Every structure is written in C-alpha cells, then in structure tokens.
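A short worksheet on the structure shown next.
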Amino acid sequence: MLEGELLELARKFCREELRAWRVYEALASQVRDEAQRSVLLRIAEQERRHYEFWRRLAGGDCGGDSAVSPRLVGLAYKILGPVFVLQLLERGEEDAVRWYRRFLELARDEELARRVEEIMREEEEHEVELIKQIEDVRVKYMGFIALGLADAIVEISGVHAGFLGATSKTIIAGIAGLVVGFSAALSMAGAAYVQAKHTGETHPPTSALATGVSYIFSVILLALPYFLTSDMYLAFAISLTLAAGLIAAFTFYSVVVEGKSFTREFLESALLMLGTAFGSFLFGKALGILFGIEHIL
C-alpha cells in the first residue's frame with residue numbers, strides 16, 4: 001500500500017486519467033470520420049487502463065470531481081478544430097509525464113517502476129500518433145487568417161492613433177478606420193488569392209476569403225468604440241484593448257497548434273502594434289499642428 005507523497009501522486013494520476021478517458025470517449029462520440037474515431041477510441045481505452053492502474057494503487061479512492069461534459073468537449077472540437085483540442089490535451093499529458101518522473105524518483109518497487117515507465121511511453125506517443133492522422137482545414141488556412149488579423153490590427157490601430165493626434169472627433173477616426181480597413185481588406189484578399197494560386201498548396205478563393213473576412217472582422221471590432229463614445233482617448237484605449245485581446249486569442253490558438261511559446265509570440269505582436277500606433281500618433285499630431293487642422297476636423 002502506498003503512503004505519503006506516493007499515495008497523493010497516485011490519486012492525482014487517477015483523477016487525471018479518469019478525466020482523460022472521459023474526454024477522449026466524448027470526442028470519439030462526436031467524430032464522424034471513422035479513422036479519427038478509431039484512434040480516439042484506442043487512446044480512450046489506453047487512458048481507461050491507466051485509470052484502473054492508478055485507482056488500484058490509490059486504494060480505489062481518487063477523490064475530486066472528474067466529470068466532463070461531452071457536449072462542451074464536442075462543441076470545442078467542432079469550433080476550434082481537432083488539432084487545437086488534441087494539442088491542448090497533450091499539453092496536459094506533458095505535465096503528467098513530469099509528475100511521473102517524480103513518482104519514479106520516490107518508488108522503490110522495480111515492477112511498479114517498470115509499469116509507470118510503460119505508461120509514460122504511452123502518454124508521450126499520444127501526440128505523434130494523433131496529429132499525424134488528422135487534417136484540419138483551420139490549421140491549413142491559419143496562415144491566411146493570421147495575415148488578415150495581424151495586418152488589420154497593426155494598420156487600423158495606426159490609423160486610429162494618427163487621428164488621435166489630429167482630431168478630437170471620434171466619429172471621424174471611426175469612419176477613417178472603416179474606409180481604410182475595407183479597402184485594405186479587398187487588397188489583402190486579392191494578394192492572398194494570388195499567393196495561393198502560385199503556391200498551389202491551398203484553394204485560392206478560400207484563402208482570399210479567410211484573409212478578407214478576418215481583416216474586415218478586425219476592422220469593425222477596432223472601429224466600434226469610436227461610434228460608442230465621444231471621448232477620443234477612451235475610444236482609443238478600448239480599441240487598443242480589443243486589439244490586444246485579438247492578438248492574445250489568436251496567439252494562444254496558434255502556439256497550442258504549433259507547440260510554441262505564448263509569451264514570446266504575444267509580446268512580439270503586441271509591441272509591433274504599439275510601436276506602429278505610437279509612430280502614427282506622432283505623425284498625426286505633427287500634421288495637425290503643421291496644417292492647423294486640429295480644430296477643423
């Protein structure tokens with residue numbers, strides 16, 4: 001019978017494997033593709049065996065609530081895509097492997113250590129086995145979506161910052177952002193179409209649509225505060241906050257899918273946006289003073 005930290009770790013693993021088992025079962029019930037379902041069911045069975053192993057070691061009591069909503073998991077799988085959801089699950093598996101190593105440091109039984117090492121190998125193989133067999137259209141066109149979002153955030157934040165230095169009327173800044181944004185969205189969509197046509201890796205109309213729609217969505221969202229308040233600085237602050245939220249959300253999605261670091265990617269994008277906004281503000285302020293338009297617009 002395990003005692004002390006070993007018992008606590010066994011209970012921790014028991015709860016986590018129960019959650020994983022239920023999550024993979026829920027995903028399998030939501031998937032139509034037979035190949036994907038087969039893989040998910042195989043992993044679910046593997047997690048069930050792991051759960052039974054740790055439950056026996058923990059004396060049959062894991063403690064805690066391990067309930068998972070199949071509907072919620074299925075919804076995330078459909079909206080965010082299989083690659084994102086599975087990669088997110090595997091990040092949890094990587095953390096579990098580190099705790100397994102701690103368990104091995106404390107364990108004295110050779111047979112127990114051998115079985116835990118076998119479970120570790122199975123956990124580490126999940127990601128490679130799953131991701132290799134899944135093709136997700138979201139990931140395929142993620143580069144074009146990123147192109148639309150990133151360019152719109154930087155450009156429209158710059159436009160708004162420029163008008164911040166040139167006028168005190170939010171409606172003017174909002175309209176300017178929309179006009180520039182919609183024109184730029186058409187231009188970017190055309191560029192995406194040409195790029196996809198030359199590379200042949202994606203469907204050109206879909207690539208153009210992904211870029212254009214993501215661009216227009218960002219433009220409308222960032223311009224919205226300027227139509228809801230007459231305070232120029234408040235509108236700009238809200239718009240920048242929304243831009244940072246967009247950057248954070250997409251960065252999180254992309255780093256999970258690609259297995260990168262969130263902090264570095266987010267800071268790089270956020271600093272680029274802020275740098276552009278600050279430069280545009282100074283330029284707009286200089287033009288306003290130079291041509292005496294601060295009180296005209």
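Just remember, in the structure tokens the first chain shown is A, the second B, etc., residues are 1-based per chain, and ligands are 1-based in the order shown.
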Excluding region 20-34 of chain A and its own-chain neighbours fewer than 4 positions away, which residues fall within 6 Å of it when counting only C-alpha atoms? Please give them as a ChimeraX atom specification. /A:40,44,47-48,70,74
With N, CA and C atoms retained, write the just-selected residues as a short mmCIF file (atom, residue, chain, number, x, y, z; two decimals), in the first residue's frame.
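Contents of again_12.cif, as written:
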data_model
loop_
_atom_site.label_atom_id
_atom_site.label_comp_id
_atom_site.auth_asym_id
_atom_site.auth_seq_id
_atom_site.Cartn_x
_atom_site.Cartn_y
_atom_site.Cartn_z
N LEU A 40 -9.17 7.76 -31.56
CA LEU A 40 -9.64 8.33 -30.30
C LEU A 40 -10.13 7.25 -29.34
N ALA A 44 -8.69 6.34 -25.76
CA ALA A 44 -9.60 6.31 -24.61
C ALA A 44 -9.44 5.01 -23.82
N GLU A 47 -6.29 5.19 -21.86
CA GLU A 47 -6.46 6.02 -20.66
C GLU A 47 -7.28 5.29 -19.60
N ARG A 48 -8.24 4.50 -20.03
CA ARG A 48 -9.04 3.72 -19.06
C ARG A 48 -8.16 2.73 -18.31
N PRO A 70 -19.62 15.98 -22.34
CA PRO A 70 -19.39 15.57 -23.73
C PRO A 70 -19.81 16.65 -24.72
N GLY A 74 -17.37 18.32 -27.35
CA GLY A 74 -17.71 18.19 -28.77
C GLY A 74 -17.82 19.54 -29.44
#
Residues of region 84-195 of chain A at most 7 Å from region 257-280 of chain A: nearest atom pair and distance in Å, only C-alpha atoms, as CSV:
residue,atom,partner,partner_atom,distance
A:Phe84,CA,A:Val257,CA,5.2
A:Gln87,CA,A:Val257,CA,6.1
A:Ile153,CA,A:Met273,CA,7.0
A:Val154,CA,A:Met273,CA,4.9
A:Ser157,CA,A:Ala277,CA,5.7
A:Gly158,CA,A:Ala277,CA,4.3
A:Val159,CA,A:Ser280,CA,6.9
A:Ala161,CA,A:Ala277,CA,5.3
A:Gly162,CA,A:Ser280,CA,4.5
Non-local contacts of Leu9 (chain A) (9 Å; only C-alpha atoms; under 5 positions in same chain excluded) as a JSON list (two decimals) with N, CA and C atoms, in the first residue's frame:
[["chain", "number", "residue", "atom", "x", "y", "z"],
["A", 4, "GLY", "N", 2.07, 8.49, 2.00],
["A", 4, "GLY", "CA", 2.68, 9.81, 1.85],
["A", 4, "GLY", "C", 2.55, 10.40, 0.46],
["A", 14, "CYS", "N", -4.75, 9.23, -10.87],
["A", 14, "CYS", "CA", -6.04, 8.55, -11.01],
["A", 14, "CYS", "C", -7.11, 9.52, -11.50],
["A", 58, "ALA", "N", -4.20, 3.65, -5.62],
["A", 58, "ALA", "CA", -4.74, 4.65, -4.68],
["A", 58, "ALA", "C", -5.74, 4.04, -3.72],
["A", 99, "TRP", "N", 5.33, 14.72, -13.63],
["A", 99, "TRP", "CA", 4.96, 14.19, -12.32],
["A", 99, "TRP", "C", 5.26, 12.70, -12.24],
["A", 100, "TYR", "N", 5.15, 11.97, -13.34],
["A", 100, "TYR", "CA", 5.50, 10.55, -13.35],
["A", 100, "TYR", "C", 6.98, 10.36, -12.98],
["A", 102, "ARG", "N", 8.70, 12.26, -11.09],
["A", 102, "ARG", "CA", 8.80, 12.45, -9.64],
["A", 102, "ARG", "C", 8.38, 11.19, -8.91],
["A", 103, "PHE", "N", 7.34, 10.52, -9.41],
["A", 103, "PHE", "CA", 6.87, 9.27, -8.80],
["A", 103, "PHE", "C", 7.97, 8.22, -8.87]]
Neighbour list for Val213 (chain A) as an MDAnalysis selection string, cut-off 9 Å, only C-alpha atoms, skip fewer than 2 positions in-chain: chainID A and resid 145 148 185 189 208:211 215:218
